$ cat final_15.txt   # compact mmCIF, C-alpha atoms
# COMPACT_ATOMS: atom_id res chain seq x y z
CA GLN A 1 145.40 42.95 132.77
CA LYS A 2 147.70 45.97 132.64
CA GLU A 3 146.36 48.95 130.77
CA VAL A 4 149.28 48.99 128.32
CA GLU A 5 151.40 45.91 127.58
CA GLN A 6 154.66 45.56 125.69
CA ASN A 7 157.14 42.79 125.13
CA SER A 8 160.20 43.67 127.22
CA GLY A 9 162.62 42.35 124.58
CA PRO A 10 165.41 42.79 123.94
CA LEU A 11 164.71 43.17 120.26
CA SER A 12 167.90 42.96 118.21
CA VAL A 13 168.07 44.16 114.61
CA PRO A 14 171.02 44.78 112.28
CA GLU A 15 171.88 48.31 111.23
CA GLY A 16 169.74 49.41 108.29
CA ALA A 17 166.89 47.01 109.03
CA ILE A 18 163.33 47.85 110.06
CA ALA A 19 162.62 47.58 113.77
CA SER A 20 159.02 46.78 114.69
CA LEU A 21 157.79 47.53 118.21
CA ASN A 22 154.34 46.53 119.37
CA CYS A 23 151.94 47.40 122.13
CA THR A 24 148.40 46.39 123.17
CA TYR A 25 146.04 48.29 125.42
CA SER A 26 142.91 47.79 127.48
CA ASP A 27 139.51 49.47 127.37
CA ARG A 28 140.64 51.95 130.06
CA VAL A 29 142.94 53.61 127.52
CA SER A 30 140.86 55.28 124.90
CA GLN A 31 142.07 58.58 123.60
CA SER A 32 145.57 59.06 122.30
CA PHE A 33 148.72 57.01 122.03
CA PHE A 34 152.37 57.89 122.31
CA TRP A 35 155.82 56.41 121.78
CA TYR A 36 158.72 57.54 123.93
CA ARG A 37 162.40 56.74 123.57
CA GLN A 38 164.45 56.42 126.75
CA TYR A 39 168.21 56.13 126.72
CA SER A 40 169.84 54.50 129.72
CA GLY A 41 169.96 56.89 132.67
CA LYS A 42 167.92 59.56 130.87
CA SER A 43 164.28 60.65 130.93
CA PRO A 44 161.73 59.58 128.27
CA GLU A 45 161.62 61.65 125.09
CA LEU A 46 158.39 61.85 123.09
CA ILE A 47 158.98 60.72 119.50
CA MET A 48 155.50 60.03 118.10
CA SER A 49 151.86 60.75 118.94
CA ILE A 50 148.89 59.18 117.18
CA TYR A 51 145.25 60.01 117.73
CA SER A 52 143.27 58.22 115.01
CA ASN A 53 143.25 54.88 113.23
CA GLY A 54 145.85 54.36 110.54
CA ASP A 55 149.46 55.29 110.01
CA LYS A 56 151.40 58.41 110.90
CA GLU A 57 154.86 58.95 109.48
CA ASP A 58 157.61 61.26 110.74
CA GLY A 59 160.99 60.79 109.14
CA ARG A 60 162.21 57.24 109.78
CA PHE A 61 159.38 56.59 112.26
CA THR A 62 155.87 55.31 111.49
CA ALA A 63 153.25 54.84 114.18
CA GLN A 64 150.27 52.60 113.48
CA LEU A 65 147.03 52.54 115.45
CA ASN A 66 144.27 49.95 115.18
CA LYS A 67 141.52 50.78 117.69
CA ALA A 68 139.40 47.74 116.78
CA SER A 69 142.28 45.41 117.74
CA GLN A 70 143.53 47.73 120.53
CA TYR A 71 146.99 47.64 119.03
CA VAL A 72 149.68 50.27 118.50
CA SER A 73 153.00 49.80 116.77
CA LEU A 74 156.11 51.76 115.94
CA LEU A 75 158.25 51.03 112.89
CA ILE A 76 161.77 52.41 112.69
CA ARG A 77 163.18 52.28 109.16
CA ASP A 78 166.92 52.23 108.41
CA SER A 79 167.69 51.50 112.08
CA GLN A 80 170.87 53.07 113.41
CA PRO A 81 172.99 52.13 116.43
CA SER A 82 171.88 55.46 117.94
CA ASP A 83 168.30 54.09 117.97
CA SER A 84 169.37 51.56 120.63
CA ALA A 85 167.23 52.47 123.63
CA THR A 86 164.12 51.43 125.52
CA TYR A 87 160.89 52.40 123.80
CA LEU A 88 157.86 53.11 125.99
CA CYS A 89 154.33 52.86 124.65
CA ALA A 90 151.73 55.03 126.39
CA GLY A 91 148.08 55.88 126.10
CA ASN A 92 145.77 58.18 127.94
CA ASN A 93 142.23 58.61 129.11
CA PHE A 94 141.64 62.32 129.77
CA ASN A 95 144.47 63.45 132.06
CA LYS A 96 145.58 59.98 133.18
CA PHE A 97 148.45 58.45 131.22
CA TYR A 98 149.26 54.73 131.18
CA PHE A 99 152.71 53.42 130.30
CA GLY A 100 153.95 50.04 129.19
CA SER A 101 157.08 48.68 130.82
CA GLY A 102 159.10 49.30 127.65
CA THR A 103 160.82 47.30 124.91
CA LYS A 104 164.61 47.37 124.78
CA LEU A 105 165.91 47.75 121.22
CA ASN A 106 169.49 46.88 120.25
CA VAL A 107 170.66 47.91 116.79
CA LYS A 108 173.84 46.05 115.89
CA PRO A 109 176.40 47.75 113.60
CA ASP B 110 163.39 78.11 125.88
CA GLY B 111 160.33 76.18 126.99
CA GLY B 112 160.62 73.06 129.05
CA ILE B 113 160.53 71.27 132.37
CA THR B 114 163.33 71.57 134.90
CA GLN B 115 163.97 69.32 137.86
CA SER B 116 166.42 69.82 140.68
CA PRO B 117 168.61 68.51 142.01
CA LYS B 118 169.89 66.01 139.47
CA TYR B 119 171.22 63.75 142.23
CA LEU B 120 169.98 63.63 145.82
CA PHE B 121 171.12 61.60 148.79
CA ARG B 122 168.83 60.97 151.73
CA LYS B 123 169.68 59.72 155.17
CA GLU B 124 167.36 57.39 157.04
CA GLY B 125 164.47 59.26 158.66
CA GLN B 126 164.95 62.39 156.60
CA ASN B 127 162.36 64.15 154.45
CA VAL B 128 163.58 65.50 151.11
CA THR B 129 161.87 67.69 148.50
CA LEU B 130 162.32 67.36 144.75
CA SER B 131 161.67 70.43 142.66
CA CYS B 132 159.78 70.54 139.35
CA GLU B 133 159.13 73.70 137.33
CA GLN B 134 157.62 74.08 133.85
CA ASN B 135 157.22 77.07 131.55
CA LEU B 136 155.09 75.30 128.94
CA ASN B 137 151.88 76.82 130.34
CA HIS B 138 150.57 73.29 130.93
CA ASP B 139 147.72 72.79 133.38
CA ALA B 140 148.44 69.18 134.33
CA MET B 141 151.59 67.98 136.11
CA TYR B 142 152.69 64.52 137.22
CA TRP B 143 155.24 62.69 139.32
CA TYR B 144 156.45 59.20 138.39
CA ARG B 145 158.89 56.82 139.95
CA GLN B 146 161.07 54.48 137.87
CA ASP B 147 163.04 51.62 139.38
CA PRO B 148 165.91 49.96 137.48
CA GLY B 149 164.63 47.98 134.51
CA GLN B 150 161.04 48.88 135.34
CA GLY B 151 158.32 51.01 133.82
CA LEU B 152 156.91 54.24 135.19
CA ARG B 153 154.66 54.25 138.26
CA LEU B 154 152.44 57.24 138.96
CA ILE B 155 152.87 58.85 142.39
CA TYR B 156 150.67 61.97 142.22
CA TYR B 157 149.15 64.16 139.55
CA SER B 158 147.53 67.57 139.45
CA GLN B 159 145.15 68.87 136.81
CA ILE B 160 144.84 72.40 138.18
CA VAL B 161 146.34 74.69 140.77
CA ASN B 162 145.46 73.82 144.40
CA ASP B 163 144.19 70.38 143.42
CA PHE B 164 145.96 67.02 143.14
CA GLN B 165 145.14 63.30 143.15
CA LYS B 166 146.94 60.23 144.41
CA GLY B 167 148.38 57.88 141.85
CA ASP B 168 149.15 54.20 142.23
CA ILE B 169 151.98 54.52 144.78
CA ALA B 170 151.28 57.70 146.80
CA GLU B 171 152.10 56.28 150.25
CA GLY B 172 155.13 57.99 151.77
CA TYR B 173 154.98 60.95 149.37
CA SER B 174 153.33 64.36 149.46
CA VAL B 175 152.89 67.17 146.93
CA SER B 176 151.61 70.72 146.65
CA ARG B 177 150.41 72.79 143.68
CA GLU B 178 150.35 76.41 144.76
CA LYS B 179 151.44 77.74 141.36
CA LYS B 180 150.71 76.55 137.83
CA GLU B 181 154.42 76.34 137.06
CA SER B 182 155.52 74.36 140.11
CA PHE B 183 154.76 70.88 141.50
CA PRO B 184 157.26 69.88 144.23
CA LEU B 185 157.37 66.33 145.57
CA THR B 186 158.35 65.53 149.17
CA VAL B 187 159.66 62.07 149.92
CA THR B 188 158.90 61.50 153.59
CA SER B 189 160.53 59.17 156.09
CA ALA B 190 157.43 56.96 155.75
CA GLN B 191 158.63 55.89 152.30
CA LYS B 192 160.76 52.91 153.21
CA ASN B 193 162.39 52.25 149.86
CA PRO B 194 162.76 55.60 148.12
CA THR B 195 165.88 54.87 146.05
CA ALA B 196 164.72 55.40 142.47
CA PHE B 197 164.69 57.73 139.46
CA TYR B 198 161.96 60.39 139.87
CA LEU B 199 160.42 61.95 136.80
CA CYS B 200 158.21 65.01 136.61
CA ALA B 201 155.99 65.53 133.59
CA SER B 202 153.40 67.98 132.32
CA SER B 203 150.67 68.02 129.69
CA ASN B 204 147.90 70.16 128.27
CA PRO B 205 144.43 69.61 129.71
CA ALA B 206 142.35 66.74 128.34
CA GLY B 207 140.25 69.05 126.20
CA ALA B 208 143.25 70.31 124.29
CA VAL B 209 143.72 69.13 120.72
CA PHE B 210 147.14 67.71 121.52
CA ASN B 211 147.54 66.53 125.10
CA GLU B 212 151.03 65.09 124.85
CA GLN B 213 153.00 64.56 128.03
CA PHE B 214 156.56 65.83 128.31
CA PHE B 215 159.17 64.87 130.88
CA GLY B 216 161.81 66.71 132.83
CA PRO B 217 165.38 65.37 133.06
CA GLY B 218 164.72 63.52 136.34
CA THR B 219 166.16 63.36 139.84
CA ARG B 220 168.05 60.30 141.00
CA LEU B 221 167.45 59.74 144.72
CA THR B 222 169.65 57.43 146.75
CA VAL B 223 169.19 56.48 150.39
CA LEU B 224 172.43 56.28 152.34
$ encode --input "final_15.txt" --output "structure tokens"
Amino acid sequence: QKEVEQNSGPLSVPEGAIASLNCTYSDRVSQSFFWYRQYSGKSPELIMSIYSNGDKEDGRFTAQLNKASQYVSLLIRDSQPSDSATYLCAGNNFNKFYFGSGTKLNVKP
Amino acid sequence: DGGITQSPKYLFRKEGQNVTLSCEQNLNHDAMYWYRQDPGQGLRLIYYSQIVNDFQKGDIAEGYSVSREKKESFPLTVTSAQKNPTAFYLCASSNPAGAVFNEQFFGPGTRLTVL
């Protein structure tokens, strides 16, 4: 089992809808969790960090962490075409970071 | 303006040639990392360093070498032993594990192509 797993997608949503991205992780990943956005040909950009169970909101983004189920999600409200990108889920254990292979999101105008 | 810089942006390597990718950060981070990303794939860890003069192999270290002589710098050499080096190389840095927020940030990347 990979340490962090994501559905590769693509996930297609209409403009203005809520996009829901999901990620599961193994016991090797225990500390903190992160969501990165990566546009084609560019490097990953950190958009959300979450360290404890529950929800964390930042603008149109909400990260959710459930440590009992080993599950992390990212909700993007009012999706815009500019949100179209690959979203990478990551977790860490001390100084080692583990990345999922990414979910491609397409937001259709 | 704090951040991570990588150079060059594009690099072309001939067969049998060693090339070095530069990575510099002014975020005062202790830990630095090198990842490789192939088209449509996730990130694979090559090497990482938690402190100056110390580094550890990642999942795909064969054919690569690194040094960490300064806190700010973590250059990666792609040697001729790496048979399929064409990829997007990403350098990253983070605070040490004991920090309250140990987020990892990425540089803009170097795209390496073998001619």
$ closest_atom_pairs --input "final_15.txt" --of "chain A" --to "chain B" --cutoff "6 Å" --atoms "all atoms listed in the file" --output "JSON lines"
{"residue": "A:Ser43", "atom": "CA", "partner": "B:Pro217", "partner_atom": "CA", "distance": 5.3}
{"residue": "A:Phe94", "atom": "CA", "partner": "B:Ala206", "partner_atom": "CA", "distance": 4.7}
{"residue": "A:Asn95", "atom": "CA", "partner": "B:Ala206", "partner_atom": "CA", "distance": 5.4}
{"residue": "A:Ser101", "atom": "CA", "partner": "B:Gly151", "partner_atom": "CA", "distance": 4.0}
$ atom_distance --input "final_15.txt" --atom1 "atom CA of Gln165 of chain B" --atom2 "atom CA of Thr129 of chain B"
18.1 Å
$ closest_atom_pairs --input "final_15.txt" --of "segment 63-90 of chain A" --to "segment 14-23 of chain A" --cutoff "7 Å" --atoms "only C-alpha atoms" --output "tab-separated table"
residue	atom	partner	partner_atom	distance
A:Tyr71	CA	A:Cys23	CA	5.8
A:Val72	CA	A:Cys23	CA	5.1
A:Ser73	CA	A:Asn22	CA	4.4
A:Leu74	CA	A:Leu21	CA	5.1
A:Leu75	CA	A:Ser20	CA	4.7
A:Ile76	CA	A:Ala19	CA	5.0
A:Arg77	CA	A:Ile18	CA	4.5
A:Asp78	CA	A:Gly16	CA	4.0
A:Ser79	CA	A:Gly16	CA	4.8
A:Gln80	CA	A:Glu15	CA	5.3
A:Pro81	CA	A:Glu15	CA	6.5
A:Cys89	CA	A:Cys23	CA	6.5
$ atom_distance --input "final_15.txt" --atom1 "atom CA of Ile155 of chain B" --atom2 "atom CA of Trp143 of chain B"
5.5 Å
$ closest_residue --input "final_15.txt" --among "A:Ile50, A:Ser8, A:Asp27, A:Phe99" --to "Arg145 of chain B" --atoms "all atoms listed in the file"
A:Phe99
$ residues_near_point --input "final_15.txt" --point "(142.7, 56.9, 122.9)" --cutoff "9 Å" --atoms "all atoms listed in the file" --output "PyMOL selection string"
chain A and resi 28-33+50-52+67+91-94
$ atom_distance --input "final_15.txt" --atom1 "atom CA of Gln126 of chain B" --atom2 "atom CA of Lys166 of chain B"
21.9 Å
$ residues_near_point --input "final_15.txt" --point "(166.6, 71.9, 141.9)" --cutoff "12 Å" --atoms "all atoms listed in the file" --output "ChimeraX atom specification"
/B:113-120,128-133,182-185,216-220
$ axis_aligned_box --input "final_15.txt" --around "segment 50-60 of chain A" --padding-each-side "8 Å" --output "JSON"
{"center_x": 152.7, "center_y": 57.8, "center_z": 113.4, "size_x": 35.0, "size_y": 22.9, "size_z": 24.6}
$ decode --input "final_15.txt" --residues "segment 31-47 of chain A" --atoms "all heavy atoms" --output "PDB file, in the first residue's frame"
ATOM      1  N   GLN A  31       1.708  12.825  11.030  1.00  0.00           N
ATOM      2  CA  GLN A  31       1.756  14.116  11.708  1.00  0.00           C
ATOM      3  C   GLN A  31       0.809  15.160  11.126  1.00  0.00           C
ATOM      4  O   GLN A  31      -0.190  15.510  11.710  1.00  0.00           O
ATOM      5  CB  GLN A  31       3.196  14.647  11.692  1.00  0.00           C
ATOM      6  CG  GLN A  31       4.115  13.936  12.642  1.00  0.00           C
ATOM      7  CD  GLN A  31       5.440  14.641  12.757  1.00  0.00           C
ATOM      8  OE1 GLN A  31       6.156  14.806  11.776  1.00  0.00           O
ATOM      9  NE2 GLN A  31       5.791  15.056  13.961  1.00  0.00           N
ATOM     10  N   SER A  32       1.192  15.646   9.960  1.00  0.00           N
ATOM     11  CA  SER A  32       0.480  16.771   9.361  1.00  0.00           C
ATOM     12  C   SER A  32       0.121  16.434   7.926  1.00  0.00           C
ATOM     13  O   SER A  32       0.751  15.569   7.312  1.00  0.00           O
ATOM     14  CB  SER A  32       1.378  18.014   9.374  1.00  0.00           C
ATOM     15  OG  SER A  32       1.916  18.227  10.660  1.00  0.00           O
ATOM     16  N   PHE A  33      -0.847  17.183   7.395  1.00  0.00           N
ATOM     17  CA  PHE A  33      -1.314  16.897   6.052  1.00  0.00           C
ATOM     18  C   PHE A  33      -1.436  18.192   5.255  1.00  0.00           C
ATOM     19  O   PHE A  33      -1.701  19.254   5.828  1.00  0.00           O
ATOM     20  CB  PHE A  33      -2.651  16.143   6.115  1.00  0.00           C
ATOM     21  CG  PHE A  33      -2.492  14.844   6.828  1.00  0.00           C
ATOM     22  CD1 PHE A  33      -2.640  14.776   8.203  1.00  0.00           C
ATOM     23  CD2 PHE A  33      -2.129  13.705   6.136  1.00  0.00           C
ATOM     24  CE1 PHE A  33      -2.427  13.585   8.886  1.00  0.00           C
ATOM     25  CE2 PHE A  33      -1.922  12.509   6.812  1.00  0.00           C
ATOM     26  CZ  PHE A  33      -2.067  12.453   8.183  1.00  0.00           C
ATOM     27  N   PHE A  34      -1.210  18.056   3.957  1.00  0.00           N
ATOM     28  CA  PHE A  34      -1.096  19.241   3.116  1.00  0.00           C
ATOM     29  C   PHE A  34      -1.783  19.008   1.777  1.00  0.00           C
ATOM     30  O   PHE A  34      -1.812  17.887   1.266  1.00  0.00           O
ATOM     31  CB  PHE A  34       0.393  19.552   2.863  1.00  0.00           C
ATOM     32  CG  PHE A  34       1.234  19.548   4.115  1.00  0.00           C
ATOM     33  CD1 PHE A  34       1.881  18.398   4.523  1.00  0.00           C
ATOM     34  CD2 PHE A  34       1.351  20.680   4.887  1.00  0.00           C
ATOM     35  CE1 PHE A  34       2.644  18.379   5.683  1.00  0.00           C
ATOM     36  CE2 PHE A  34       2.109  20.675   6.049  1.00  0.00           C
ATOM     37  CZ  PHE A  34       2.753  19.522   6.449  1.00  0.00           C
ATOM     38  N   TRP A  35      -2.315  20.085   1.219  1.00  0.00           N
ATOM     39  CA  TRP A  35      -2.818  20.060  -0.149  1.00  0.00           C
ATOM     40  C   TRP A  35      -2.022  21.060  -0.977  1.00  0.00           C
ATOM     41  O   TRP A  35      -1.845  22.204  -0.571  1.00  0.00           O
ATOM     42  CB  TRP A  35      -4.298  20.417  -0.194  1.00  0.00           C
ATOM     43  CG  TRP A  35      -5.180  19.298   0.253  1.00  0.00           C
ATOM     44  CD1 TRP A  35      -5.736  19.123   1.475  1.00  0.00           C
ATOM     45  CD2 TRP A  35      -5.608  18.178  -0.543  1.00  0.00           C
ATOM     46  NE1 TRP A  35      -6.484  17.968   1.499  1.00  0.00           N
ATOM     47  CE2 TRP A  35      -6.419  17.373   0.276  1.00  0.00           C
ATOM     48  CE3 TRP A  35      -5.387  17.783  -1.869  1.00  0.00           C
ATOM     49  CZ2 TRP A  35      -7.019  16.195  -0.184  1.00  0.00           C
ATOM     50  CZ3 TRP A  35      -5.976  16.619  -2.327  1.00  0.00           C
ATOM     51  CH2 TRP A  35      -6.775  15.839  -1.491  1.00  0.00           C
ATOM     52  N   TYR A  36      -1.552  20.578  -2.127  1.00  0.00           N
ATOM     53  CA  TYR A  36      -0.825  21.404  -3.072  1.00  0.00           C
ATOM     54  C   TYR A  36      -1.609  21.464  -4.376  1.00  0.00           C
ATOM     55  O   TYR A  36      -2.237  20.489  -4.786  1.00  0.00           O
ATOM     56  CB  TYR A  36       0.560  20.807  -3.369  1.00  0.00           C
ATOM     57  CG  TYR A  36       1.538  20.858  -2.223  1.00  0.00           C
ATOM     58  CD1 TYR A  36       1.531  19.882  -1.235  1.00  0.00           C
ATOM     59  CD2 TYR A  36       2.483  21.874  -2.134  1.00  0.00           C
ATOM     60  CE1 TYR A  36       2.436  19.918  -0.181  1.00  0.00           C
ATOM     61  CE2 TYR A  36       3.397  21.919  -1.091  1.00  0.00           C
ATOM     62  CZ  TYR A  36       3.364  20.944  -0.125  1.00  0.00           C
ATOM     63  OH  TYR A  36       4.273  20.984   0.908  1.00  0.00           O
ATOM     64  N   ARG A  37      -1.514  22.609  -5.038  1.00  0.00           N
ATOM     65  CA  ARG A  37      -2.067  22.777  -6.374  1.00  0.00           C
ATOM     66  C   ARG A  37      -0.900  22.869  -7.349  1.00  0.00           C
ATOM     67  O   ARG A  37       0.057  23.612  -7.116  1.00  0.00           O
ATOM     68  CB  ARG A  37      -2.904  24.058  -6.431  1.00  0.00           C
ATOM     69  CG  ARG A  37      -3.493  24.380  -7.796  1.00  0.00           C
ATOM     70  CD  ARG A  37      -4.391  25.611  -7.698  1.00  0.00           C
ATOM     71  NE  ARG A  37      -3.654  26.786  -7.259  1.00  0.00           N
ATOM     72  CZ  ARG A  37      -4.220  27.878  -6.741  1.00  0.00           C
ATOM     73  NH1 ARG A  37      -5.522  27.918  -6.565  1.00  0.00           N
ATOM     74  NH2 ARG A  37      -3.476  28.894  -6.382  1.00  0.00           N
ATOM     75  N   GLN A  38      -0.993  22.132  -8.451  1.00  0.00           N
ATOM     76  CA  GLN A  38       0.066  22.158  -9.455  1.00  0.00           C
ATOM     77  C   GLN A  38      -0.539  22.378 -10.830  1.00  0.00           C
ATOM     78  O   GLN A  38      -1.258  21.527 -11.352  1.00  0.00           O
ATOM     79  CB  GLN A  38       0.883  20.858  -9.441  1.00  0.00           C
ATOM     80  CG  GLN A  38       2.098  20.910 -10.352  1.00  0.00           C
ATOM     81  CD  GLN A  38       2.980  19.684 -10.271  1.00  0.00           C
ATOM     82  OE1 GLN A  38       2.537  18.599  -9.887  1.00  0.00           O
ATOM     83  NE2 GLN A  38       4.257  19.839 -10.621  1.00  0.00           N
ATOM     84  N   TYR A  39      -0.237  23.545 -11.397  1.00  0.00           N
ATOM     85  CA  TYR A  39      -0.631  23.813 -12.769  1.00  0.00           C
ATOM     86  C   TYR A  39       0.341  23.108 -13.712  1.00  0.00           C
ATOM     87  O   TYR A  39       1.497  22.871 -13.368  1.00  0.00           O
ATOM     88  CB  TYR A  39      -0.635  25.318 -13.040  1.00  0.00           C
ATOM     89  CG  TYR A  39      -1.709  26.083 -12.299  1.00  0.00           C
ATOM     90  CD1 TYR A  39      -1.383  27.017 -11.310  1.00  0.00           C
ATOM     91  CD2 TYR A  39      -3.057  25.882 -12.580  1.00  0.00           C
ATOM     92  CE1 TYR A  39      -2.367  27.720 -10.633  1.00  0.00           C
ATOM     93  CE2 TYR A  39      -4.042  26.578 -11.909  1.00  0.00           C
ATOM     94  CZ  TYR A  39      -3.692  27.491 -10.934  1.00  0.00           C
ATOM     95  OH  TYR A  39      -4.679  28.183 -10.269  1.00  0.00           O
ATOM     96  N   SER A  40      -0.133  22.806 -14.898  1.00  0.00           N
ATOM     97  CA  SER A  40       0.672  22.082 -15.868  1.00  0.00           C
ATOM     98  C   SER A  40       1.995  22.796 -16.146  1.00  0.00           C
ATOM     99  O   SER A  40       2.011  23.994 -16.458  1.00  0.00           O
ATOM    100  CB  SER A  40      -0.114  21.917 -17.172  1.00  0.00           C
ATOM    101  OG  SER A  40       0.626  21.188 -18.109  1.00  0.00           O
ATOM    102  N   GLY A  41       3.096  22.091 -15.994  1.00  0.00           N
ATOM    103  CA  GLY A  41       4.406  22.650 -16.266  1.00  0.00           C
ATOM    104  C   GLY A  41       4.989  23.491 -15.143  1.00  0.00           C
ATOM    105  O   GLY A  41       6.097  24.027 -15.283  1.00  0.00           O
ATOM    106  N   LYS A  42       4.262  23.618 -14.042  1.00  0.00           N
ATOM    107  CA  LYS A  42       4.716  24.435 -12.914  1.00  0.00           C
ATOM    108  C   LYS A  42       4.996  23.572 -11.697  1.00  0.00           C
ATOM    109  O   LYS A  42       4.668  22.387 -11.665  1.00  0.00           O
ATOM    110  CB  LYS A  42       3.662  25.491 -12.562  1.00  0.00           C
ATOM    111  CG  LYS A  42       3.303  26.405 -13.703  1.00  0.00           C
ATOM    112  CD  LYS A  42       4.476  27.283 -14.117  1.00  0.00           C
ATOM    113  CE  LYS A  42       4.072  28.300 -15.159  1.00  0.00           C
ATOM    114  NZ  LYS A  42       5.249  29.098 -15.607  1.00  0.00           N
ATOM    115  N   SER A  43       5.590  24.179 -10.663  1.00  0.00           N
ATOM    116  CA  SER A  43       5.874  23.444  -9.435  1.00  0.00           C
ATOM    117  C   SER A  43       4.658  23.472  -8.507  1.00  0.00           C
ATOM    118  O   SER A  43       3.787  24.329  -8.636  1.00  0.00           O
ATOM    119  CB  SER A  43       7.099  24.035  -8.745  1.00  0.00           C
ATOM    120  OG  SER A  43       6.844  25.357  -8.326  1.00  0.00           O
ATOM    121  N   PRO A  44       4.574  22.544  -7.548  1.00  0.00           N
ATOM    122  CA  PRO A  44       3.452  22.534  -6.609  1.00  0.00           C
ATOM    123  C   PRO A  44       3.449  23.763  -5.703  1.00  0.00           C
ATOM    124  O   PRO A  44       4.488  24.229  -5.250  1.00  0.00           O
ATOM    125  CB  PRO A  44       3.700  21.263  -5.793  1.00  0.00           C
ATOM    126  CG  PRO A  44       4.585  20.412  -6.635  1.00  0.00           C
ATOM    127  CD  PRO A  44       5.450  21.372  -7.378  1.00  0.00           C
ATOM    128  N   GLU A  45       2.233  24.254  -5.445  1.00  0.00           N
ATOM    129  CA  GLU A  45       2.031  25.421  -4.592  1.00  0.00           C
ATOM    130  C   GLU A  45       1.195  24.985  -3.393  1.00  0.00           C
ATOM    131  O   GLU A  45       0.112  24.425  -3.558  1.00  0.00           O
ATOM    132  CB  GLU A  45       1.306  26.501  -5.387  1.00  0.00           C
ATOM    133  CG  GLU A  45       0.880  27.706  -4.578  1.00  0.00           C
ATOM    134  CD  GLU A  45      -0.108  28.582  -5.346  1.00  0.00           C
ATOM    135  OE1 GLU A  45      -0.575  28.177  -6.430  1.00  0.00           O
ATOM    136  OE2 GLU A  45      -0.427  29.669  -4.852  1.00  0.00           O
ATOM    137  N   LEU A  46       1.685  25.236  -2.188  1.00  0.00           N
ATOM    138  CA  LEU A  46       0.951  24.856  -0.988  1.00  0.00           C
ATOM    139  C   LEU A  46      -0.293  25.721  -0.824  1.00  0.00           C
ATOM    140  O   LEU A  46      -0.201  26.953  -0.834  1.00  0.00           O
ATOM    141  CB  LEU A  46       1.858  25.016   0.236  1.00  0.00           C
ATOM    142  CG  LEU A  46       1.244  24.670   1.588  1.00  0.00           C
ATOM    143  CD1 LEU A  46       0.933  23.180   1.674  1.00  0.00           C
ATOM    144  CD2 LEU A  46       2.188  25.067   2.713  1.00  0.00           C
ATOM    145  N   ILE A  47      -1.472  25.076  -0.690  1.00  0.00           N
ATOM    146  CA  ILE A  47      -2.693  25.857  -0.525  1.00  0.00           C
ATOM    147  C   ILE A  47      -3.346  25.645   0.833  1.00  0.00           C
ATOM    148  O   ILE A  47      -4.062  26.527   1.313  1.00  0.00           O
ATOM    149  CB  ILE A  47      -3.711  25.600  -1.661  1.00  0.00           C
ATOM    150  CG1 ILE A  47      -4.031  24.109  -1.809  1.00  0.00           C
ATOM    151  CG2 ILE A  47      -3.217  26.181  -2.973  1.00  0.00           C
ATOM    152  CD1 ILE A  47      -5.163  23.835  -2.792  1.00  0.00           C
TER     153      ILE A  47
END
